[in-house]
Structure formats: C-alpha cells, structure tokens
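Q: Here it is, the structure, as structure tokens.
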Amino acid sequence: MKDTTLVVAGMATLSAGTYAFRLSGQVLRAKISFPPRVTRLLEAAAVILLAALVATTALTEGHGFSGFARPAGVLVAGVLAWRKAPFLVVVLAAAAVTALLRLAGVS
Amino acid sequence: MSSIRRTLERSPLSTAVLTDIGLTCLAVFFIGLSYGAVAVASGFPLWVPAAQSLLVLAGASEFLFVGIVAAGGSPFAAALAGLLVNSRHLPYGLALPPGVTGRGWRRLVGTHLMNDESVVFALAQEDLRAKRAAYWICGFGVVICWPGGAVLGALIGSAVHDTNAFGLDAMFPAVILALIVKDLRDSRILRAALAGAAIALAATPFLPAGLPVLLALAAVLLLVREPARAADERPAPVREGAR
C-alpha cells in the first residue's frame with residue numbers, strides 16, 4: 001500500500017462526507033414540509049436512483065461494458081423477481097448464471 | 001437470543017418481510033466477502049476494508065476507493081469519487097418520512113444506518129411504525145453483515161483470488177432489483193425508471209463514476225405532470241397510503 005497517512009486521510013474524508021450526505025437530506029426534509037404529491041415524487045426519485053444503480057452496476061465496469069456474464073445473471077434475476085420467485089432464488093440465480101457463463105468461457 | 005425473538009415478535013413487520021430482510025443481509029455478507037478479498041488482493045492490509053466497511057458503510061463507494069488507490073490514483077481523488085457515488089444518500093434522506101431514522105441521539109446512529117437496502121425496505125412499508133422497524137432491523141443487519149463479510153473475505157482473500165468466478169459481482173444489482181421490482185409494477189414508475197437507467201448508461205462512458213446515477217434523477221420529470229391528472233381522476237381516500 002502507498003503512503004498510509006494519505007490513505008487514512010482519504011478514508012476519513014469518504015466516511016465523514018458520506019455521513020454528511022446521509023444527514024443533510026433528512027435535515028432538509030425536516031425543515032420544509034412537502035405536500036403529499038411531492039412526497040410521492042421523492043419516493044419515486046429514490047426508486048429511479050436505485051434502478052439506475054442496478055443498470056450501471058450490472059452493465060458497466062469503469063467507463064466500459066462489463067461483459068455479458070454479469071448482466072445475463074442480473075437479467076435472469078429480474079425475470080424471476082418479476083414472476084415473484086423467492087428472494088433467495090432470485091439472488092442465487094444471478095450469481096449462479098454469471099458463474100456458469102464464466103465457467104463456459106463467456107466473460 | 002430470546003430477547004431478539006421477543007423484539008421480532010413485537011415488530012410490526014410480517015414474517016415474510018423479516019425473512020426478506022434476513023436474506024438481503026445474507027447477500028450483503030457475501031458481497032462483503034468479495035469486497036474484503038478484492039481489497040487484500042489489491043495490496044491493502046486487513047484494517048483498510050475493516051475500517052472502511054464499518055465507517056463508510058456503503059459498498060459501491062468502497063469498491064471504487066480501493067480500485068482507484070490500487071490503480072495508482074491518489075486517496076483524495078478516490079475519496080471524492082466515492083463521495084460522488086454516495087451523494088445518492090441525500091435524496092434518500094429526502095424520501096424518508098421524518099422519524100424513520102430515530103429522534104435525538106438515536107438519529108446519530110440511525111443516520112449512519114442509511115443505505116440502499118434499509119431505505120428500500122423502509123419505503124416499502126405502509127405506516128411509519130413499520131417503516132421505522134424495517135429501516136432499523138435492516139440497518140443493523142447490514143452494519144453486522146457488511147463489515148463481517150469484509151473482514152472474513154480479507155482473511156480468506158489470500159486463498160481465493162478470483163471472486164468474480166463465483167458470480168458474486170452479479171449479486172448486488174440482483175438484490176437491489178429484487179427489492180424495487182414491486183415499485184416497478186406501476187407502469188409510470190417503470191417508464192421513469194427505465195428512462196433513468198438509460199440516461200445513466202448513456203452517461204457512464206463520459207462522466208466520473210457516481211454522476212451518471214445522479215443524472216438519472218432527470219427522469220423524475222416524466223412523473224411531474226402526470227400525477228396531478230391521476231389525482232384528479234381518483235377519489236381522495238384511495239390516495240391515502242396508496243403505496
């Protein structure tokens with residue numbers, strides 16, 4: 001590992017900043033009273049963020065394509081989840097499909 | 001053990017929800033294993049993933065931090081990249097009804113427990129009591145399973161080098177997808193979510209990590225006009241606790 005002091009400083013920055021993000025949204029929410037319609041919109045915004053997180057973590061690695069194995073596993077998981085398969089089945093299917101594809105030489 | 005069982009029996013959550021939270025935490029544990037193993041394989045001592053997992057408690061940003069520093073980037077740049085990824089916690093805080101994260105000194109702890117999983121489970125519950133219970137139970141589960149997995153992963157990391165061979169990297173998106181699929185059955189939200197995902201994917205080659213996901217928020221605009229019309233069409237009582 002490189003300079004330990006620098007790494008610790010980076011870790012402290014990331015920890016403190018993340019906590020600040022976690023806190024600031026709540027503080028804003030407590031200060032302003034939102035009408036119910038806006039509240040529903042904020043909840044929908046969280047779902048949109050999570051969906052974008054799914055898409056980027058499934059399909060990309062760095063700035064490029066992640067390869068086929070991972071998105072294929074996530075796609076199978078998505079279909080199973082849509083068909084109301086048990087949660088454990090969904091998540092294990094994602095890992096299993098991805099692992100099997102890699103075993104077969106598909107990256 | 002019996003006190004845990006009593007707490008769970010008193011909880012306003014159904015057994016099905018509690019089971020899902022348990023399985024989610026198990027998945028988080030496995031992702032933690034791969035994180036710890038990757039960190040050690042990248043040349044970090046065990047205390048780095050251990051401290052990160054406990055103090056940052058946000059998986060994606062920790063993977064990114066370790067990856068950037070291992071690739072020769074400065075730890076400060078890595079921290080900024082991680083913060084960009086974690087900026088989604090601000091809209092999470094806006095989405096949570098006040099009181100879910102606790103009041104007084106408890107909120108200092110409750111705030112730290114905010115993560116993708118605890119937020120989804122909280123939003124999925126109907127009333128405030130259930131939202132609070134789901135948030136805290138899932139939050140505590142993650143605060144145990146994520147660092148626990150990371151430390152164990154770092155310990156066995158020297159033995160298993162290629163955690164991707166087990167498909168563990170597909171587990172995180174699968175977990176989140178399984179958790180939001182209920183919301184996606186609403187066709188308007190599905191359309192907005194797909195648009196948001198497309199925006200994020202299109203931006204990924206050009207923007208630093210974390211920013212594309214935030215850009216996806218533009219898709220909220222698709223929902224801004226329509227709910228007003230929908231609210232006019234439906235009688236008021238139906239809107240009450242419609243989620």
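We label chains A, B, ... in the order they appear in the structure tokens, count residues from 1 in each chain, and number ligands from 1 in the order shown.
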Quick one: which residues from chain B are at most 7 Å off chain A, using only C-alpha atoms, as a short mmCIF file (atom, residue, chain, number, x, y, z; two decimals) with N, CA and C atoms, in the first residue's frame?
A:
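Final output, saved to result27.cif:
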```
data_model
loop_
_atom_site.label_atom_id
_atom_site.label_comp_id
_atom_site.auth_asym_id
_atom_site.auth_seq_id
_atom_site.Cartn_x
_atom_site.Cartn_y
_atom_site.Cartn_z
N ASP B 20 -37.21 -11.61 4.15
CA ASP B 20 -36.55 -10.90 3.05
C ASP B 20 -35.39 -10.06 3.55
N LEU B 23 -32.52 -12.41 4.30
CA LEU B 23 -31.86 -12.89 3.09
C LEU B 23 -31.05 -11.78 2.43
N GLY B 43 -3.60 -5.38 -2.49
CA GLY B 43 -2.44 -4.96 -1.73
C GLY B 43 -2.73 -4.16 -0.47
N PHE B 44 -3.98 -4.11 -0.04
CA PHE B 44 -4.31 -3.40 1.20
C PHE B 44 -4.23 -4.33 2.39
N GLN B 52 -13.09 0.72 6.61
CA GLN B 52 -13.97 1.29 5.59
C GLN B 52 -15.39 0.76 5.72
N LEU B 55 -17.02 2.29 8.83
CA LEU B 55 -17.15 3.76 8.92
C LEU B 55 -17.84 4.37 7.71
N VAL B 56 -17.61 3.81 6.51
CA VAL B 56 -18.27 4.34 5.32
C VAL B 56 -19.61 3.64 5.15
N PRO B 75 -5.40 8.86 -2.90
CA PRO B 75 -6.50 8.53 -1.99
C PRO B 75 -7.53 9.65 -1.90
N PHE B 76 -7.08 10.89 -2.08
CA PHE B 76 -8.02 12.00 -2.01
C PHE B 76 -8.98 11.98 -3.20
N ALA B 79 -11.41 9.33 -2.63
CA ALA B 79 -12.45 9.72 -1.67
C ALA B 79 -13.52 10.58 -2.36
N GLY B 82 -15.68 8.39 -4.42
CA GLY B 82 -16.58 7.66 -3.53
C GLY B 82 -17.72 8.55 -3.04
N LEU B 83 -17.41 9.81 -2.76
CA LEU B 83 -18.44 10.75 -2.29
C LEU B 83 -19.47 11.02 -3.38
N ASN B 86 -21.75 8.26 -3.33
CA ASN B 86 -22.60 8.24 -2.13
C ASN B 86 -23.54 9.44 -2.03
N SER B 87 -23.44 10.38 -2.98
CA SER B 87 -24.31 11.55 -2.92
C SER B 87 -25.78 11.16 -3.05
N HIS B 89 -27.32 9.37 -1.18
CA HIS B 89 -27.91 9.31 0.16
C HIS B 89 -28.64 10.59 0.51
N LEU B 90 -28.32 11.68 -0.16
CA LEU B 90 -29.05 12.93 0.11
C LEU B 90 -30.52 12.81 -0.33
N PRO B 91 -30.78 12.44 -1.59
CA PRO B 91 -32.20 12.20 -1.96
C PRO B 91 -32.85 11.07 -1.16
N TYR B 92 -32.08 10.09 -0.69
CA TYR B 92 -32.66 9.06 0.18
C TYR B 92 -33.22 9.72 1.44
N GLY B 93 -32.43 10.64 2.02
CA GLY B 93 -32.86 11.32 3.24
C GLY B 93 -34.12 12.14 3.00
N LEU B 94 -34.23 12.70 1.78
CA LEU B 94 -35.44 13.45 1.43
C LEU B 94 -36.65 12.53 1.30
N ALA B 95 -36.41 11.30 0.83
CA ALA B 95 -37.51 10.37 0.58
C ALA B 95 -38.07 9.76 1.86
N PRO B 98 -39.90 11.90 8.14
CA PRO B 98 -39.21 12.23 9.39
C PRO B 98 -39.57 11.23 10.49
N THR B 111 -28.85 7.61 11.30
CA THR B 111 -28.36 8.24 10.07
C THR B 111 -27.27 7.38 9.43
N HIS B 112 -26.39 6.82 10.27
CA HIS B 112 -25.30 6.00 9.74
C HIS B 112 -25.84 4.72 9.10
N MET B 114 -28.27 4.42 7.14
CA MET B 114 -28.94 4.66 5.86
C MET B 114 -28.13 4.04 4.73
N ALA B 165 -15.26 -15.33 -10.24
CA ALA B 165 -15.56 -16.66 -10.77
C ALA B 165 -16.85 -17.20 -10.16
N PHE B 166 -17.19 -16.73 -8.94
CA PHE B 166 -18.40 -17.23 -8.29
C PHE B 166 -19.62 -16.36 -8.61
N GLY B 167 -19.44 -15.38 -9.46
CA GLY B 167 -20.57 -14.54 -9.85
C GLY B 167 -21.05 -13.60 -8.76
N LEU B 168 -20.19 -13.37 -7.75
CA LEU B 168 -20.62 -12.52 -6.62
C LEU B 168 -20.92 -11.09 -7.06
N ALA B 170 -22.58 -10.17 -9.51
CA ALA B 170 -23.96 -10.04 -10.02
C ALA B 170 -24.97 -9.94 -8.88
N MET B 171 -24.51 -10.20 -7.64
CA MET B 171 -25.45 -10.25 -6.52
C MET B 171 -25.99 -8.88 -6.12
N PRO B 173 -26.47 -5.92 -7.93
CA PRO B 173 -27.60 -5.43 -8.75
C PRO B 173 -28.84 -6.31 -8.63
N ALA B 174 -28.65 -7.64 -8.46
CA ALA B 174 -29.81 -8.54 -8.35
C ALA B 174 -30.59 -8.25 -7.06
N VAL B 175 -29.86 -8.01 -5.97
CA VAL B 175 -30.51 -7.70 -4.69
C VAL B 175 -31.36 -6.44 -4.81
N ILE B 176 -30.76 -5.38 -5.36
CA ILE B 176 -31.48 -4.11 -5.47
C ILE B 176 -32.68 -4.26 -6.41
N LEU B 177 -32.47 -4.96 -7.53
CA LEU B 177 -33.56 -5.16 -8.48
C LEU B 177 -34.72 -5.92 -7.84
N ALA B 178 -34.40 -6.97 -7.10
CA ALA B 178 -35.45 -7.75 -6.44
C ALA B 178 -36.23 -6.89 -5.46
N ILE B 180 -36.75 -3.54 -5.66
CA ILE B 180 -37.57 -2.46 -6.23
C ILE B 180 -38.60 -2.97 -7.23
N VAL B 181 -38.61 -4.28 -7.51
CA VAL B 181 -39.49 -4.81 -8.56
C VAL B 181 -40.96 -4.52 -8.24
N ILE B 189 -43.97 4.49 -13.02
CA ILE B 189 -42.67 4.44 -12.36
C ILE B 189 -41.70 3.58 -13.17
N ALA B 192 -40.36 5.71 -15.99
CA ALA B 192 -39.38 6.68 -15.48
C ALA B 192 -38.08 5.99 -15.09
N ALA B 193 -38.20 4.80 -14.46
CA ALA B 193 -37.01 4.08 -14.02
C ALA B 193 -36.18 3.63 -15.23
N GLY B 196 -34.47 6.63 -16.60
CA GLY B 196 -33.35 6.98 -15.72
C GLY B 196 -32.17 6.05 -15.94
N ALA B 197 -32.46 4.75 -16.06
CA ALA B 197 -31.39 3.77 -16.28
C ALA B 197 -30.69 4.05 -17.62
N ALA B 200 -28.40 7.04 -17.27
CA ALA B 200 -27.19 6.69 -16.52
C ALA B 200 -26.22 5.89 -17.39
N LEU B 201 -26.76 4.93 -18.16
CA LEU B 201 -25.90 4.10 -19.01
C LEU B 201 -25.26 4.94 -20.11
N THR B 204 -22.37 6.98 -18.63
CA THR B 204 -21.26 6.28 -17.98
C THR B 204 -19.91 6.38 -18.71
N PRO B 205 -19.86 6.27 -20.05
CA PRO B 205 -18.55 6.35 -20.71
C PRO B 205 -17.89 7.72 -20.54
N VAL B 213 -25.54 8.04 -12.19
CA VAL B 213 -26.70 7.64 -11.40
C VAL B 213 -27.50 8.86 -10.94
N LEU B 214 -26.76 9.93 -10.59
CA LEU B 214 -27.46 11.16 -10.18
C LEU B 214 -28.21 11.80 -11.34
N ALA B 216 -29.67 10.35 -13.62
CA ALA B 216 -30.90 9.58 -13.82
C ALA B 216 -32.11 10.27 -13.18
N LEU B 217 -31.83 11.09 -12.17
CA LEU B 217 -32.92 11.80 -11.48
C LEU B 217 -33.73 12.68 -12.44
N VAL B 220 -37.29 11.92 -13.25
CA VAL B 220 -38.41 12.29 -12.38
C VAL B 220 -39.35 13.23 -13.10
#
```
Q: Can you list, as a list in words, every protein, DNA or RNA residue that comes within 12 Å of Thr19 of chain B when you count only C-alpha atoms, leaving out same-chain residues fewer than 2 positions away?
A: Pro86, Phe87 and Leu88 of chain A; Leu8, Leu13, Ser14, Thr15, Ala16, Val17, Ile21, Gly22, Leu23, Thr24, Cys25, Leu26, Phe121, Ala134, Ile137, Cys138 and Gly141 of chain B
Q: Save out the residues we just selected, N, CA and C atoms, as a compact mmCIF listing (two decimals), in the first residue's frame.
A:
```txt
# COMPACT_ATOMS: atom_id res chain seq x y z
N PRO A 86 -39.02 -16.54 -4.90
CA PRO A 86 -38.49 -16.17 -3.59
C PRO A 86 -37.17 -15.40 -3.73
N PHE A 87 -36.95 -14.48 -2.80
CA PHE A 87 -35.80 -13.59 -2.85
C PHE A 87 -34.47 -14.35 -2.97
N LEU A 88 -34.33 -15.41 -2.16
CA LEU A 88 -33.07 -16.17 -2.17
C LEU A 88 -32.82 -16.79 -3.54
N LEU B 8 -38.52 -9.27 17.67
CA LEU B 8 -39.07 -9.52 16.35
C LEU B 8 -40.56 -9.80 16.41
N LEU B 13 -43.72 -5.93 11.57
CA LEU B 13 -43.43 -6.46 10.24
C LEU B 13 -43.87 -7.90 10.13
N SER B 14 -44.32 -8.29 8.94
CA SER B 14 -44.73 -9.68 8.74
C SER B 14 -43.49 -10.56 8.65
N THR B 15 -43.70 -11.87 8.88
CA THR B 15 -42.59 -12.82 8.80
C THR B 15 -41.94 -12.78 7.43
N ALA B 16 -42.78 -12.57 6.39
CA ALA B 16 -42.24 -12.53 5.03
C ALA B 16 -41.25 -11.39 4.86
N VAL B 17 -41.60 -10.21 5.40
CA VAL B 17 -40.69 -9.06 5.29
C VAL B 17 -39.41 -9.33 6.07
N ILE B 21 -35.59 -9.41 4.72
CA ILE B 21 -34.51 -8.60 5.29
C ILE B 21 -33.32 -9.51 5.64
N GLY B 22 -33.63 -10.67 6.24
CA GLY B 22 -32.57 -11.61 6.60
C GLY B 22 -31.80 -12.07 5.38
N LEU B 23 -32.52 -12.41 4.30
CA LEU B 23 -31.86 -12.89 3.09
C LEU B 23 -31.05 -11.78 2.43
N THR B 24 -31.57 -10.55 2.49
CA THR B 24 -30.83 -9.41 1.95
C THR B 24 -29.50 -9.26 2.68
N CYS B 25 -29.56 -9.36 4.02
CA CYS B 25 -28.34 -9.23 4.82
C CYS B 25 -27.36 -10.35 4.50
N LEU B 26 -27.90 -11.54 4.23
CA LEU B 26 -27.03 -12.67 3.84
C LEU B 26 -26.32 -12.35 2.53
N PHE B 121 -36.39 -1.08 2.06
CA PHE B 121 -37.32 -1.77 2.96
C PHE B 121 -38.20 -0.78 3.70
N ALA B 134 -38.53 -1.61 9.83
CA ALA B 134 -37.82 -2.19 8.69
C ALA B 134 -36.46 -1.52 8.51
N ILE B 137 -34.06 -2.64 11.56
CA ILE B 137 -33.69 -4.05 11.54
C ILE B 137 -32.74 -4.31 10.37
N CYS B 138 -33.10 -3.79 9.18
CA CYS B 138 -32.24 -3.98 8.02
C CYS B 138 -30.91 -3.24 8.21
N GLY B 141 -28.76 -5.19 10.51
CA GLY B 141 -28.31 -6.39 9.81
C GLY B 141 -27.14 -6.07 8.90
```
Q: Can you tell me which residues surround Arg132 of chain B at a distance of at most 7 Å, considering only C-alpha atoms, apart from same-chain residues fewer than 5 positions away, and format the answer as a ChimeraX atom specification?
A: /B:100-101,122
Q: Once you have the residues from the selection above, write them out as a PDB file, in the first residue's frame, restricted to N, CA and C atoms.
A:
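Generated output (again-v2.pdb):
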```pdb
ATOM      1  N   VAL B 100     -38.260   8.158  10.833  1.00  0.00           N
ATOM      2  CA  VAL B 100     -37.838   6.797  10.493  1.00  0.00           C
ATOM      3  C   VAL B 100     -36.435   6.515  11.023  1.00  0.00           C
ATOM      4  N   THR B 101     -35.544   7.511  10.917  1.00  0.00           N
ATOM      5  CA  THR B 101     -34.160   7.300  11.346  1.00  0.00           C
ATOM      6  C   THR B 101     -33.984   7.530  12.849  1.00  0.00           C
ATOM      7  N   ALA B 122     -37.640   0.355   4.105  1.00  0.00           N
ATOM      8  CA  ALA B 122     -38.443   1.364   4.802  1.00  0.00           C
ATOM      9  C   ALA B 122     -39.533   1.912   3.880  1.00  0.00           C
TER      10      ALA B 122
END
```
Q: Could you tell me how far atom CA of Leu152 of chain B lies from atom CA of Ala27 of chain B, in Å and to one decimal?
A: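 That distance, rounded to one decimal, is 14.2 Å.
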